[in-house]
file query-v8.cif (mmCIF, C-alpha atoms and all ligand atoms)
data_my_file
#
loop_
_atom_site.label_atom_id
_atom_site.label_comp_id
_atom_site.auth_asym_id
_atom_site.auth_seq_id
_atom_site.Cartn_x
_atom_site.Cartn_y
_atom_site.Cartn_z
CA MET A 1 9.34 -24.25 7.54
CA PRO A 2 8.89 -21.70 4.74
CA THR A 3 11.83 -19.63 3.54
CA LEU A 4 12.04 -16.41 1.56
CA PHE A 5 11.80 -18.45 -1.62
CA SER A 6 8.88 -20.67 -0.64
CA PRO A 7 5.70 -20.05 -2.61
CA LEU A 8 2.80 -18.46 -0.74
CA GLN A 9 -0.81 -19.32 -1.41
CA LEU A 10 -3.42 -16.64 -0.74
CA ARG A 11 -6.89 -17.73 -1.86
CA ASP A 12 -6.45 -18.84 -5.53
CA VAL A 13 -3.27 -16.86 -6.04
CA GLN A 14 0.13 -18.42 -5.67
CA LEU A 15 3.13 -16.14 -5.22
CA ARG A 16 6.41 -17.61 -6.43
CA ASN A 17 8.25 -16.27 -3.36
CA ARG A 18 7.72 -14.05 -0.30
CA ILE A 19 9.24 -10.89 -1.78
CA GLY A 20 6.99 -7.95 -2.66
CA VAL A 21 7.69 -4.66 -4.37
CA SER A 22 6.29 -2.15 -1.89
CA PRO A 23 4.06 0.49 -3.48
CA MET A 24 6.11 3.51 -4.54
CA CYS A 25 4.64 6.73 -5.90
CA GLN A 26 6.42 7.70 -9.09
CA TYR A 27 4.72 11.09 -9.51
CA SER A 28 5.08 10.53 -13.23
CA SER A 29 1.51 10.45 -14.54
CA VAL A 30 -0.46 12.95 -16.54
CA ASP A 31 -4.18 12.98 -15.62
CA GLY A 32 -3.69 9.72 -13.68
CA PHE A 33 -2.58 7.66 -16.67
CA ALA A 34 0.13 5.00 -16.43
CA ASN A 35 2.81 5.26 -19.12
CA ASP A 36 6.10 3.76 -20.29
CA TRP A 37 7.84 4.84 -17.07
CA HIS A 38 5.50 2.64 -15.01
CA LEU A 39 5.96 -0.25 -17.43
CA VAL A 40 9.73 -0.12 -17.07
CA HIS A 41 9.72 0.63 -13.33
CA LEU A 42 7.38 -2.25 -12.47
CA GLY A 43 8.65 -4.43 -15.31
CA SER A 44 12.28 -4.24 -14.16
CA ARG A 45 11.43 -5.45 -10.69
CA THR A 46 9.31 -8.22 -12.18
CA VAL A 47 12.24 -9.39 -14.29
CA GLY A 48 14.36 -9.06 -11.14
CA GLY A 49 12.38 -11.89 -9.55
CA ALA A 50 9.87 -10.31 -7.15
CA GLY A 51 6.87 -12.49 -6.32
CA LEU A 52 4.46 -9.59 -5.91
CA VAL A 53 4.72 -6.37 -7.90
CA MET A 54 2.50 -3.65 -6.56
CA ALA A 55 1.76 -0.43 -8.39
CA GLU A 56 1.95 2.74 -6.34
CA ALA A 57 -0.76 4.61 -4.43
CA THR A 58 -3.41 4.96 -7.15
CA ALA A 59 -6.04 7.58 -6.60
CA VAL A 60 -9.69 6.55 -6.57
CA THR A 61 -10.82 10.12 -7.28
CA PRO A 62 -8.94 13.07 -8.81
CA GLU A 63 -9.28 15.01 -5.50
CA GLY A 64 -7.75 12.00 -3.72
CA ARG A 65 -4.40 12.37 -5.44
CA ILE A 66 -1.38 13.29 -3.34
CA SER A 67 0.01 15.27 -6.27
CA PRO A 68 -1.22 16.23 -9.74
CA GLN A 69 1.18 13.57 -11.10
CA ASP A 70 -0.31 10.60 -9.19
CA LEU A 71 -1.48 7.44 -10.89
CA GLY A 72 -5.27 7.04 -10.93
CA LEU A 73 -8.10 4.59 -11.56
CA TRP A 74 -11.05 6.96 -11.38
CA LYS A 75 -12.08 6.51 -15.03
CA ASP A 76 -12.24 3.60 -17.45
CA GLU A 77 -9.74 5.13 -19.88
CA GLN A 78 -7.03 4.62 -17.24
CA ILE A 79 -7.40 0.84 -17.44
CA GLU A 80 -5.73 0.16 -20.78
CA MET A 81 -2.10 1.02 -20.01
CA LEU A 82 -2.28 -0.59 -16.58
CA ALA A 83 -3.61 -3.72 -18.28
CA ARG A 84 -0.56 -3.79 -20.55
CA ILE A 85 1.74 -3.51 -17.51
CA PHE A 86 -0.13 -6.15 -15.52
CA ARG A 87 -0.06 -8.51 -18.52
CA PHE A 88 3.71 -8.23 -18.63
CA ILE A 89 4.05 -8.81 -14.87
CA ALA A 90 1.82 -11.89 -15.00
CA ALA A 91 3.50 -13.28 -18.13
CA GLN A 92 6.84 -13.18 -16.29
CA GLY A 93 5.45 -15.19 -13.36
CA ALA A 94 4.87 -12.45 -10.80
CA VAL A 95 1.54 -11.35 -9.33
CA PRO A 96 0.35 -7.90 -10.42
CA ALA A 97 -1.22 -5.74 -7.72
CA VAL A 98 -2.23 -2.14 -7.13
CA GLN A 99 -2.59 0.00 -4.04
CA LEU A 100 -5.82 2.03 -4.01
CA ALA A 101 -5.64 5.32 -2.18
CA HIS A 102 -7.23 8.62 -1.20
CA ALA A 103 -4.87 11.29 0.09
CA GLY A 104 -7.40 13.11 2.33
CA ARG A 105 -5.84 16.19 3.93
CA LYS A 106 -2.50 15.45 2.28
CA ALA A 107 -3.89 16.03 -1.23
CA SER A 108 -2.78 18.62 -3.78
CA THR A 109 0.92 18.68 -2.94
CA ALA A 110 4.01 18.77 -5.13
CA PRO A 111 6.24 15.73 -5.71
CA PRO A 112 9.02 15.38 -3.11
CA TRP A 113 11.67 16.57 -5.56
CA GLU A 114 9.75 19.85 -5.84
CA GLY A 115 9.56 20.22 -2.06
CA GLY A 116 6.24 18.45 -1.40
CA HIS A 117 4.44 21.70 -0.52
CA ALA A 118 0.85 22.65 -1.35
CA VAL A 119 0.19 23.14 -5.06
CA SER A 120 -2.02 26.10 -6.00
CA GLU A 121 -4.90 25.77 -8.42
CA ALA A 122 -2.95 27.85 -10.92
CA ASP A 123 -0.22 25.17 -10.86
CA GLY A 124 -2.58 22.23 -11.31
CA GLY A 125 -3.62 21.73 -7.68
CA TRP A 126 -7.23 21.75 -6.46
CA ARG A 127 -9.46 23.08 -3.68
CA PRO A 128 -11.13 22.13 -1.51
CA ILE A 129 -9.33 19.15 -0.10
CA TYR A 130 -11.07 16.96 2.46
CA GLY A 131 -10.23 15.28 5.74
CA PRO A 132 -12.27 13.84 8.61
CA SER A 133 -11.92 17.19 10.39
CA ALA A 134 -11.00 20.75 9.48
CA SER A 135 -7.44 20.46 10.72
CA ALA A 136 -4.34 20.70 8.52
CA PHE A 137 -1.45 18.23 8.63
CA ASP A 138 1.13 20.92 9.35
CA LEU A 139 1.52 24.66 9.71
CA GLY A 140 1.23 26.28 6.30
CA ASP A 141 -0.54 23.26 4.77
CA ILE A 142 -3.92 23.53 3.07
CA MET A 143 -6.81 23.58 5.55
CA PRO A 144 -9.08 20.65 4.64
CA HIS A 145 -12.86 20.81 4.68
CA GLU A 146 -14.58 18.32 6.97
CA ILE A 147 -15.95 15.65 4.65
CA ASP A 148 -19.68 15.06 5.16
CA VAL A 149 -21.44 11.69 5.24
CA THR A 150 -22.41 11.93 1.57
CA GLY A 151 -18.77 12.65 0.77
CA ILE A 152 -17.68 9.56 2.71
CA ARG A 153 -20.23 7.44 0.82
CA ASN A 154 -18.86 8.77 -2.46
CA VAL A 155 -15.30 7.87 -1.43
CA VAL A 156 -16.39 4.35 -0.42
CA GLU A 157 -18.08 3.93 -3.79
CA ALA A 158 -15.02 5.32 -5.59
CA PHE A 159 -12.82 2.68 -3.92
CA ALA A 160 -15.19 -0.05 -5.10
CA LYS A 161 -15.29 1.31 -8.65
CA ALA A 162 -11.51 1.58 -8.77
CA ALA A 163 -11.26 -2.01 -7.52
CA GLN A 164 -13.53 -3.09 -10.35
CA ARG A 165 -11.27 -1.27 -12.84
CA ALA A 166 -8.18 -2.88 -11.27
CA LEU A 167 -9.81 -6.26 -11.84
CA THR A 168 -10.52 -5.42 -15.47
CA ALA A 169 -6.89 -4.34 -15.82
CA GLY A 170 -5.76 -7.75 -14.60
CA ALA A 171 -4.65 -7.02 -11.03
CA ARG A 172 -4.72 -10.19 -8.93
CA MET A 173 -4.33 -8.46 -5.59
CA ILE A 174 -5.46 -5.11 -4.27
CA GLU A 175 -4.11 -3.22 -1.31
CA ILE A 176 -6.24 -0.57 0.36
CA HIS A 177 -4.08 2.27 1.62
CA ALA A 178 -5.09 3.01 5.22
CA ALA A 179 -1.64 4.23 6.32
CA HIS A 180 0.74 7.20 6.25
CA GLY A 181 -1.70 9.92 7.24
CA TYR A 182 -3.90 9.63 4.17
CA LEU A 183 -7.69 9.70 4.32
CA LEU A 184 -8.49 6.31 5.90
CA HIS A 185 -5.66 6.62 8.43
CA GLU A 186 -6.86 10.16 9.19
CA PHE A 187 -10.18 8.62 10.24
CA LEU A 188 -8.45 5.92 12.32
CA SER A 189 -6.20 8.26 14.28
CA PRO A 190 -7.55 10.40 17.13
CA LEU A 191 -4.81 12.88 16.21
CA SER A 192 -6.57 13.80 12.95
CA ASN A 193 -10.15 12.77 13.66
CA GLN A 194 -12.08 15.11 15.94
CA ARG A 195 -15.54 14.16 14.68
CA THR A 196 -18.45 13.62 17.02
CA ASP A 197 -20.70 11.78 14.54
CA GLU A 198 -20.70 8.05 13.74
CA TYR A 199 -17.24 8.41 12.09
CA GLY A 200 -15.40 9.81 15.12
CA SER A 201 -14.38 9.42 18.77
CA SER A 202 -14.86 5.71 19.66
CA PHE A 203 -12.72 2.93 18.12
CA GLU A 204 -15.79 1.59 16.38
CA ASN A 205 -16.57 4.97 14.84
CA ARG A 206 -12.99 5.82 13.81
CA THR A 207 -12.62 2.45 12.06
CA ARG A 208 -15.99 2.75 10.30
CA ALA A 209 -14.71 4.40 7.10
CA THR A 210 -12.00 1.74 6.65
CA ARG A 211 -14.46 -1.06 7.32
CA GLU A 212 -16.94 0.41 4.85
CA VAL A 213 -14.28 0.66 2.16
CA VAL A 214 -13.16 -2.92 2.76
CA ARG A 215 -16.74 -4.19 2.67
CA ALA A 216 -17.49 -2.31 -0.57
CA VAL A 217 -14.28 -3.46 -2.24
CA ARG A 218 -14.85 -7.06 -1.14
CA THR A 219 -18.25 -6.97 -2.82
CA VAL A 220 -16.72 -6.33 -6.25
CA TRP A 221 -13.36 -8.05 -5.71
CA PRO A 222 -13.77 -11.78 -6.45
CA GLU A 223 -13.63 -14.28 -3.60
CA ARG A 224 -10.82 -16.12 -5.36
CA LEU A 225 -8.52 -13.08 -5.16
CA PRO A 226 -6.71 -11.77 -2.06
CA LEU A 227 -7.27 -8.36 -0.50
CA LEU A 228 -4.60 -6.52 1.49
CA VAL A 229 -4.78 -3.47 3.74
CA ARG A 230 -1.79 -1.30 4.57
CA ILE A 231 -1.98 0.32 7.99
CA SER A 232 0.27 2.53 10.03
CA ALA A 233 0.41 0.20 13.03
CA THR A 234 1.31 3.12 15.29
CA ASP A 235 1.42 6.91 15.06
CA TRP A 236 4.46 6.88 17.39
CA VAL A 237 2.69 9.57 19.43
CA GLU A 238 1.09 9.24 22.89
CA GLY A 239 -2.70 9.33 22.49
CA GLY A 240 -2.55 8.42 18.80
CA TRP A 241 -3.37 5.23 16.91
CA ASP A 242 -1.33 2.34 18.35
CA ALA A 243 -0.46 -1.35 18.09
CA ASP A 244 -3.31 -2.50 20.37
CA GLN A 245 -5.87 -0.82 18.11
CA SER A 246 -4.10 -2.25 15.06
CA VAL A 247 -4.53 -5.80 16.39
CA GLU A 248 -8.20 -5.14 17.07
CA LEU A 249 -8.70 -3.63 13.61
CA ALA A 250 -6.89 -6.55 11.96
CA ARG A 251 -9.29 -8.99 13.70
CA GLU A 252 -12.25 -7.09 12.28
CA LEU A 253 -10.73 -6.82 8.81
CA LYS A 254 -10.12 -10.55 8.78
CA ARG A 255 -13.83 -11.08 9.37
CA LEU A 256 -14.55 -8.78 6.43
CA GLY A 257 -12.42 -10.85 4.06
CA VAL A 258 -9.00 -9.21 4.26
CA ASP A 259 -6.17 -11.69 3.70
CA MET A 260 -3.07 -9.79 4.72
CA ILE A 261 -2.10 -6.70 6.70
CA ASP A 262 0.86 -4.75 5.36
CA CYS A 263 2.38 -3.26 8.51
CA SER A 264 3.86 0.19 8.09
CA SER A 265 3.79 3.06 10.61
CA GLY A 266 3.71 6.82 11.08
CA GLY A 267 2.55 9.66 8.86
CA ALA A 268 -0.39 10.95 10.92
CA VAL A 269 1.38 14.02 12.28
CA PRO A 270 4.64 15.76 11.42
CA ASN A 271 6.17 15.73 14.91
CA ALA A 272 6.31 11.97 15.62
CA ARG A 273 9.62 10.62 16.91
CA ILE A 274 10.15 7.44 14.93
CA PRO A 275 12.96 5.08 16.00
CA ILE A 276 14.07 4.28 12.46
CA ALA A 277 16.47 1.34 12.32
CA PRO A 278 16.75 -1.91 10.35
CA GLY A 279 13.48 -3.83 10.58
CA TYR A 280 11.95 -1.29 12.99
CA GLN A 281 8.38 -2.06 11.91
CA VAL A 282 8.76 -5.85 11.99
CA PRO A 283 7.44 -6.19 15.58
CA PHE A 284 4.06 -4.92 14.36
CA ALA A 285 3.88 -7.52 11.61
CA GLU A 286 4.88 -10.17 14.13
CA ARG A 287 2.32 -9.14 16.73
CA ILE A 288 -0.61 -8.72 14.33
CA ARG A 289 0.19 -12.07 12.72
CA ARG A 290 0.18 -13.78 16.11
CA GLU A 291 -2.67 -11.99 17.86
CA ALA A 292 -5.08 -11.46 14.96
CA ASP A 293 -4.16 -14.78 13.31
CA LEU A 294 -3.84 -13.09 9.95
CA ALA A 295 -1.05 -13.10 7.36
CA THR A 296 1.21 -10.04 7.49
CA ALA A 297 3.80 -8.31 5.37
CA ALA A 298 6.78 -6.70 7.09
CA VAL A 299 8.22 -3.55 5.55
CA GLY A 300 10.75 -0.88 6.41
CA MET A 301 14.54 -0.95 6.27
CA ILE A 302 14.71 -4.55 5.14
CA THR A 303 17.74 -4.77 2.88
CA SER A 304 19.76 -7.96 3.29
CA PRO A 305 18.85 -11.48 2.17
CA GLU A 306 19.67 -12.92 5.62
CA GLN A 307 17.48 -10.35 7.38
CA ALA A 308 14.59 -10.98 5.00
CA ASN A 309 14.90 -14.76 5.17
CA GLU A 310 15.05 -14.76 8.98
CA LEU A 311 11.71 -12.95 9.15
CA ILE A 312 10.06 -15.70 7.14
CA THR A 313 11.80 -18.72 8.64
CA ASN A 314 11.07 -17.53 12.18
CA GLY A 315 7.41 -16.92 11.37
CA ARG A 316 7.55 -13.19 12.10
CA ALA A 317 5.82 -12.30 8.83
CA ASP A 318 4.46 -14.10 5.77
CA MET A 319 6.04 -11.74 3.25
CA ILE A 320 8.57 -8.96 3.14
CA PHE A 321 7.98 -5.82 1.12
CA MET A 322 10.87 -3.63 0.06
CA ALA A 323 10.86 -0.14 -1.42
CA ARG A 324 14.18 1.72 -1.49
CA GLU A 325 16.37 -1.37 -1.74
CA PHE A 326 14.36 -2.33 -4.83
CA LEU A 327 15.13 1.08 -6.34
CA ARG A 328 18.83 0.49 -5.74
CA GLU A 329 18.71 -3.10 -6.95
CA PRO A 330 15.83 -4.32 -9.14
CA TYR A 331 17.48 -7.76 -9.34
CA TRP A 332 17.58 -8.15 -5.55
CA PRO A 333 15.51 -11.39 -5.50
CA LEU A 334 17.66 -13.10 -8.15
CA LYS A 335 20.85 -12.10 -6.33
CA ALA A 336 19.39 -13.08 -2.95
CA ALA A 337 18.49 -16.51 -4.32
CA VAL A 338 22.08 -17.08 -5.48
CA HIS A 339 23.35 -15.81 -2.12
CA LEU A 340 21.01 -17.91 0.02
CA GLY A 341 21.00 -20.92 -2.28
CA GLY A 342 17.25 -20.61 -2.94
CA THR A 343 15.51 -20.94 -6.25
CA ALA A 344 14.30 -17.92 -8.14
CA GLN A 345 12.68 -17.76 -11.51
CA VAL A 346 15.47 -16.34 -13.65
CA PRO A 347 14.23 -15.09 -17.04
CA ILE A 348 15.71 -17.43 -19.66
CA GLN A 349 17.24 -14.45 -21.41
CA TYR A 350 19.30 -13.74 -18.27
CA GLY A 351 20.04 -17.34 -17.27
CA ARG A 352 23.79 -17.20 -17.81
CA ALA A 353 24.17 -14.33 -15.34
CA PHE A 354 22.52 -15.97 -12.33
CA VAL A 355 23.87 -19.33 -11.29
CA SER A 356 23.12 -20.74 -7.81
CA ARG A 357 26.12 -21.77 -5.73
C1 LIG A 401 9.89 6.59 -3.70
C2 LIG A 401 8.93 6.07 -2.67
C3 LIG A 401 7.57 6.14 -2.90
C4 LIG A 401 6.66 5.62 -1.97
N1 LIG A 401 5.32 5.59 -2.27
C5 LIG A 401 4.47 4.91 -1.48
C6 LIG A 401 3.14 4.64 -1.88
O1 LIG A 401 2.72 4.95 -3.00
N2 LIG A 401 2.33 3.99 -1.00
C7 LIG A 401 2.77 3.57 0.22
O2 LIG A 401 2.00 2.98 0.98
N3 LIG A 401 4.05 3.75 0.60
C8 LIG A 401 4.90 4.39 -0.22
N4 LIG A 401 6.22 4.50 0.12
C9 LIG A 401 6.69 3.81 1.34
C10 LIG A 401 7.24 2.42 0.97
O3 LIG A 401 6.26 1.59 0.36
C11 LIG A 401 7.84 1.70 2.19
O4 LIG A 401 6.80 1.41 3.09
C12 LIG A 401 8.90 2.53 2.90
O5 LIG A 401 9.77 3.15 1.97
C13 LIG A 401 9.74 1.68 3.84
O6 LIG A 401 10.36 0.62 3.14
P1 LIG A 401 11.91 0.65 2.68
O7 LIG A 401 12.73 0.88 3.92
O8 LIG A 401 12.14 -0.69 2.07
O9 LIG A 401 12.09 1.78 1.69
C14 LIG A 401 7.14 5.06 -0.77
C15 LIG A 401 8.52 5.04 -0.53
C16 LIG A 401 9.41 5.51 -1.46
C17 LIG A 401 10.88 5.42 -1.17
#
call {"tool": "encode", "arguments": {"input": "query-v8.cif", "output": "structure tokens"}}
result
Amino acid sequence: MPTLFSPLQLRDVQLRNRIGVSPMCQYSSVDGFANDWHLVHLGSRTVGGAGLVMAEATAVTPEGRISPQDLGLWKDEQIEMLARIFRFIAAQGAVPAVQLAHAGRKASTAPPWEGGHAVSEADGGWRPIYGPSASAFDLGDIMPHEIDVTGIRNVVEAFAKAAQRALTAGARMIEIHAAHGYLLHEFLSPLSNQRTDEYGSSFENRTRATREVVRAVRTVWPERLPLLVRISATDWVEGGWDADQSVELARELKRLGVDMIDCSSGGAVPNARIPIAPGYQVPFAERIRREADLATAAVGMITSPEQANELITNGRADMIFMAREFLREPYWPLKAAVHLGGTAQVPIQYGRAFVSR
């Protein structure tokens, strides 16, 4: 029976434990470039013992950024600094990864600490922004243009090119962002997709863009390396995307070479009523794992070592991802190992501070 500190093998990659740093936008880039902030942010959590260290939502095109300060991999020059960061992560025994993203109708907004509202072109924002349909996320938000089929093809190609750059940078896992109301999720959800062409209405059509991205990325991403997809397993709204469709999608993604589904939720519409509580998204990871027979990561309000370990030992998920708790405590895995009596890879420089009971 695996525990939180058991290694996990995915294709040719072995993770030293089941703990992942969930992707977290830092809104700290200029022109999409990683910098010292990203090195220290991701490096600290690496030193803190995480098995998987995933860089934030990284835009595959400049128009696909959530904010002007997003990280990007739309040009080769952006590889070098990420390579330095990934080298550090790998040298310390963790697996470097990156989440590839396109913000769709949620593009060109300010960082949360500036209110998250639309950014004008004068302030570094851009127009037009694109979604599956000409419908804005919320009142007062930018009205997106409906992306045409050529535009979709360009986005699919941009994901593949960014995946190639991630490989050159030394990433050993990629996660495709198909959650939180960004472009691919906007296609999946009937709440944001009103198209009548081959990318809208039926389940097959709404999932087409995601499947095309996965297929294109899998073509350039080596067979020996794992591919993850983050989904919003439900929109938490009647008539929206839901858990049944998530299971069906996971089955299809498995056939296309996806190795793990990272099970988040929400983000399609502003008025969803989400029952936020400890581990509230775990049932999705559990169900997809069982019914699609695919590895899953559970995420969302996981904070205690016992809670995290229980999810693994009871086979409810294969990994746990944490975001906010990792911001509060970069050394969470090392402390959890002492607490649970597991083994973590303590950096030799820090050995005297972490002694198992
Ligand atoms: C500062 C911050 C930035 C985030 N950025 C991203 C992101 O880039 N991509 C993503 O899929 N989720 C993002 N999220 C969501 C987290 O990855 C995670 O799914 C969510 O916070 C729930 O986990 P938690 O309860 O452990 O924080 C972000 C969350 C936070 C707090």
call {"tool": "residues_around", "arguments": {"input": "query-v8.cif", "residues": "Ser44 (chain A)", "least_positions_apart": "4", "cutoff": "8 Å", "atoms": "only C-alpha atoms", "output": "list of chain:residue names"}}
result
A:Val40, A:Gly48, A:Pro330, A:Tyr331
call {"tool": "closest_atom_pairs", "arguments": {"input": "query-v8.cif", "of": "chain A", "to": "ligand LIG 401 (chain A)", "cutoff": "6 Å", "atoms": "all atoms listed in the file", "output": "CSV"}}
result
residue,atom,partner,partner_atom,distance
A:Ser22,CA,A:LIG401,O3,4.4
A:Pro23,CA,A:LIG401,C6,4.5
A:Met24,CA,A:LIG401,N1,3.2
A:Cys25,CA,A:LIG401,N1,3.9
A:Glu56,CA,A:LIG401,O1,4.1
A:Ala57,CA,A:LIG401,O1,3.8
A:Ser264,CA,A:LIG401,O4,5.9
A:Val299,CA,A:LIG401,O6,5.3
A:Gly300,CA,A:LIG401,O6,3.6
A:Met301,CA,A:LIG401,O7,3.5
A:Ile302,CA,A:LIG401,O8,5.6
A:Met322,CA,A:LIG401,O8,3.8
A:Ala323,CA,A:LIG401,O8,3.8
A:Arg324,CA,A:LIG401,O9,3.8
A:Glu325,CA,A:LIG401,O8,5.7
call {"tool": "closest_atom_pairs", "arguments": {"input": "query-v8.cif", "of": "region 20-110 of chain A", "to": "region 168-181 of chain A", "cutoff": "8 Å", "atoms": "only C-alpha atoms", "output": "CSV"}}
result
residue,atom,partner,partner_atom,distance
A:Ala57,CA,A:His177,CA,7.3
A:Ile79,CA,A:Ala169,CA,5.5
A:Glu80,CA,A:Ala169,CA,6.8
A:Leu82,CA,A:Ala169,CA,6.0
A:Ala83,CA,A:Ala169,CA,4.1
A:Arg84,CA,A:Ala169,CA,7.9
A:Phe86,CA,A:Gly170,CA,5.9
A:Arg87,CA,A:Gly170,CA,7.0
A:Val95,CA,A:Arg172,CA,6.4
A:Pro96,CA,A:Ala171,CA,5.1
A:Ala97,CA,A:Met173,CA,4.6
A:Val98,CA,A:Ile174,CA,5.2
A:Gln99,CA,A:Glu175,CA,4.5
A:Leu100,CA,A:Ile176,CA,5.1
A:Ala101,CA,A:His177,CA,5.1
A:His102,CA,A:His177,CA,7.6
A:Ala103,CA,A:Gly181,CA,7.9
A:Lys106,CA,A:Gly181,CA,7.5
call {"tool": "residues_around", "arguments": {"input": "query-v8.cif", "residues": "Ala353 (chain A)", "least_positions_apart": "4", "cutoff": "12 Å", "atoms": "all atoms listed in the file", "output": "ChimeraX atom specification"}}
result
/A:48,331,334-335,338,346-349
call {"tool": "axis_aligned_box", "arguments": {"input": "query-v8.cif", "around": "region 174-187 of chain A", "padding_each_side": "5 Å", "output": "AutoDock Vina command-line options"}}
result
--center_x -4.7 --center_y 2.5 --center_z 3.0 --size_x 20.9 --size_y 25.3 --size_z 24.5
call {"tool": "residues_around", "arguments": {"input": "query-v8.cif", "residues": "Thr296 (chain A)", "least_positions_apart": "3", "cutoff": "9 Å", "atoms": "only C-alpha atoms", "output": "list in words"}}
result
Asp259, Met260, Ile261, Asp262, Cys263, Ala285, Glu286, Ile288, Arg289, Arg316, Ala317, Asp318, Met319 and Ile320 of chain A
call {"tool": "atom_distance", "arguments": {"input": "query-v8.cif", "atom1": "CA of Gln78 (chain A)", "atom2": "CA of Ala59 (chain A)"}}
result
11.1 Å
call {"tool": "atom_distance", "arguments": {"input": "query-v8.cif", "atom1": "CA of Gly64 (chain A)", "atom2": "CA of Ser108 (chain A)"}}
result
8.3 Å
call {"tool": "atom_distance", "arguments": {"input": "query-v8.cif", "atom1": "CA of Ser265 (chain A)", "atom2": "CA of Ala233 (chain A)"}}
result
5.0 Å
call {"tool": "closest_atom_pairs", "arguments": {"input": "query-v8.cif", "of": "region 221-271 of chain A", "to": "region 128-149 of chain A", "cutoff": "12 Å", "atoms": "all atoms listed in the file", "output": "CSV"}}
result
residue,atom,partner,partner_atom,distance
A:Gly267,CA,A:Phe137,CA,9.5
A:Ala268,CA,A:Phe137,CA,7.7
A:Val269,CA,A:Phe137,CA,6.2
A:Pro270,CA,A:Asp138,CA,6.6
A:Asn271,CA,A:Asp138,CA,9.1
call {"tool": "write_last_selection", "arguments": {"input": "query-v8.cif", "atoms": "C-alpha atoms", "output": "tab-separated table (two decimals), in the frame of the given file"}}
result
chain	number	residue	atom	x	y	z
A	267	GLY	CA	2.55	9.66	8.86
A	268	ALA	CA	-0.39	10.95	10.92
A	269	VAL	CA	1.38	14.02	12.28
A	270	PRO	CA	4.64	15.76	11.42
A	271	ASN	CA	6.17	15.73	14.91
call {"tool": "closest_residue", "arguments": {"input": "query-v8.cif", "among": "A:Phe321, A:Glu248, A:Glu306, A:Glu114", "to": "Val282 (chain A)", "atoms": "only C-alpha atoms"}}
result
A:Phe321
call {"tool": "closest_residue", "arguments": {"input": "query-v8.cif", "among": "A:Ala216, A:Thr303, A:Asn154, A:Gly342", "to": "Leu327 (chain A)", "atoms": "only C-alpha atoms"}}
result
A:Thr303
call {"tool": "decode", "arguments": {"input": "query-v8.cif", "residues": "region 272-285 of chain A", "atoms": "N, CA and C atoms", "output": "PDB file, in the first residue's frame"}}
result
ATOM      1  N   ALA A 272     -21.272  30.433  -9.768  1.00  0.00           N
ATOM      2  CA  ALA A 272     -21.367  29.054  -9.268  1.00  0.00           C
ATOM      3  C   ALA A 272     -21.356  29.047  -7.740  1.00  0.00           C
ATOM      4  N   ARG A 273     -22.117  28.143  -7.158  1.00  0.00           N
ATOM      5  CA  ARG A 273     -22.093  27.991  -5.693  1.00  0.00           C
ATOM      6  C   ARG A 273     -21.234  26.772  -5.369  1.00  0.00           C
ATOM      7  N   ILE A 274     -20.036  27.041  -4.894  1.00  0.00           N
ATOM      8  CA  ILE A 274     -19.043  25.976  -4.695  1.00  0.00           C
ATOM      9  C   ILE A 274     -18.942  25.638  -3.202  1.00  0.00           C
ATOM     10  N   PRO A 275     -19.181  24.376  -2.853  1.00  0.00           N
ATOM     11  CA  PRO A 275     -19.177  23.979  -1.437  1.00  0.00           C
ATOM     12  C   PRO A 275     -17.756  23.803  -0.898  1.00  0.00           C
ATOM     13  N   ILE A 276     -17.040  24.900  -0.787  1.00  0.00           N
ATOM     14  CA  ILE A 276     -15.622  24.829  -0.415  1.00  0.00           C
ATOM     15  C   ILE A 276     -15.462  24.343   1.031  1.00  0.00           C
ATOM     16  N   ALA A 277     -14.660  23.299   1.176  1.00  0.00           N
ATOM     17  CA  ALA A 277     -14.398  22.692   2.488  1.00  0.00           C
ATOM     18  C   ALA A 277     -13.154  21.825   2.313  1.00  0.00           C
ATOM     19  N   PRO A 278     -12.527  21.408   3.404  1.00  0.00           N
ATOM     20  CA  PRO A 278     -11.334  20.568   3.249  1.00  0.00           C
ATOM     21  C   PRO A 278     -11.581  19.385   2.307  1.00  0.00           C
ATOM     22  N   GLY A 279     -10.691  19.242   1.339  1.00  0.00           N
ATOM     23  CA  GLY A 279     -10.752  18.103   0.421  1.00  0.00           C
ATOM     24  C   GLY A 279     -11.986  18.058  -0.469  1.00  0.00           C
ATOM     25  N   TYR A 280     -12.625  19.206  -0.712  1.00  0.00           N
ATOM     26  CA  TYR A 280     -13.926  19.180  -1.410  1.00  0.00           C
ATOM     27  C   TYR A 280     -13.855  18.683  -2.841  1.00  0.00           C
ATOM     28  N   GLN A 281     -12.663  18.684  -3.450  1.00  0.00           N
ATOM     29  CA  GLN A 281     -12.566  18.196  -4.832  1.00  0.00           C
ATOM     30  C   GLN A 281     -12.068  16.753  -4.913  1.00  0.00           C
ATOM     31  N   VAL A 282     -11.738  16.176  -3.758  1.00  0.00           N
ATOM     32  CA  VAL A 282     -11.190  14.812  -3.744  1.00  0.00           C
ATOM     33  C   VAL A 282     -12.132  13.791  -4.393  1.00  0.00           C
ATOM     34  N   PRO A 283     -13.467  13.890  -4.152  1.00  0.00           N
ATOM     35  CA  PRO A 283     -14.347  12.880  -4.761  1.00  0.00           C
ATOM     36  C   PRO A 283     -14.211  12.787  -6.283  1.00  0.00           C
ATOM     37  N   PHE A 284     -13.823  13.885  -6.932  1.00  0.00           N
ATOM     38  CA  PHE A 284     -13.649  13.835  -8.394  1.00  0.00           C
ATOM     39  C   PHE A 284     -12.404  13.019  -8.747  1.00  0.00           C
ATOM     40  N   ALA A 285     -11.340  13.254  -7.996  1.00  0.00           N
ATOM     41  CA  ALA A 285     -10.107  12.491  -8.245  1.00  0.00           C
ATOM     42  C   ALA A 285     -10.361  11.004  -8.013  1.00  0.00           C
TER      43      ALA A 285
END
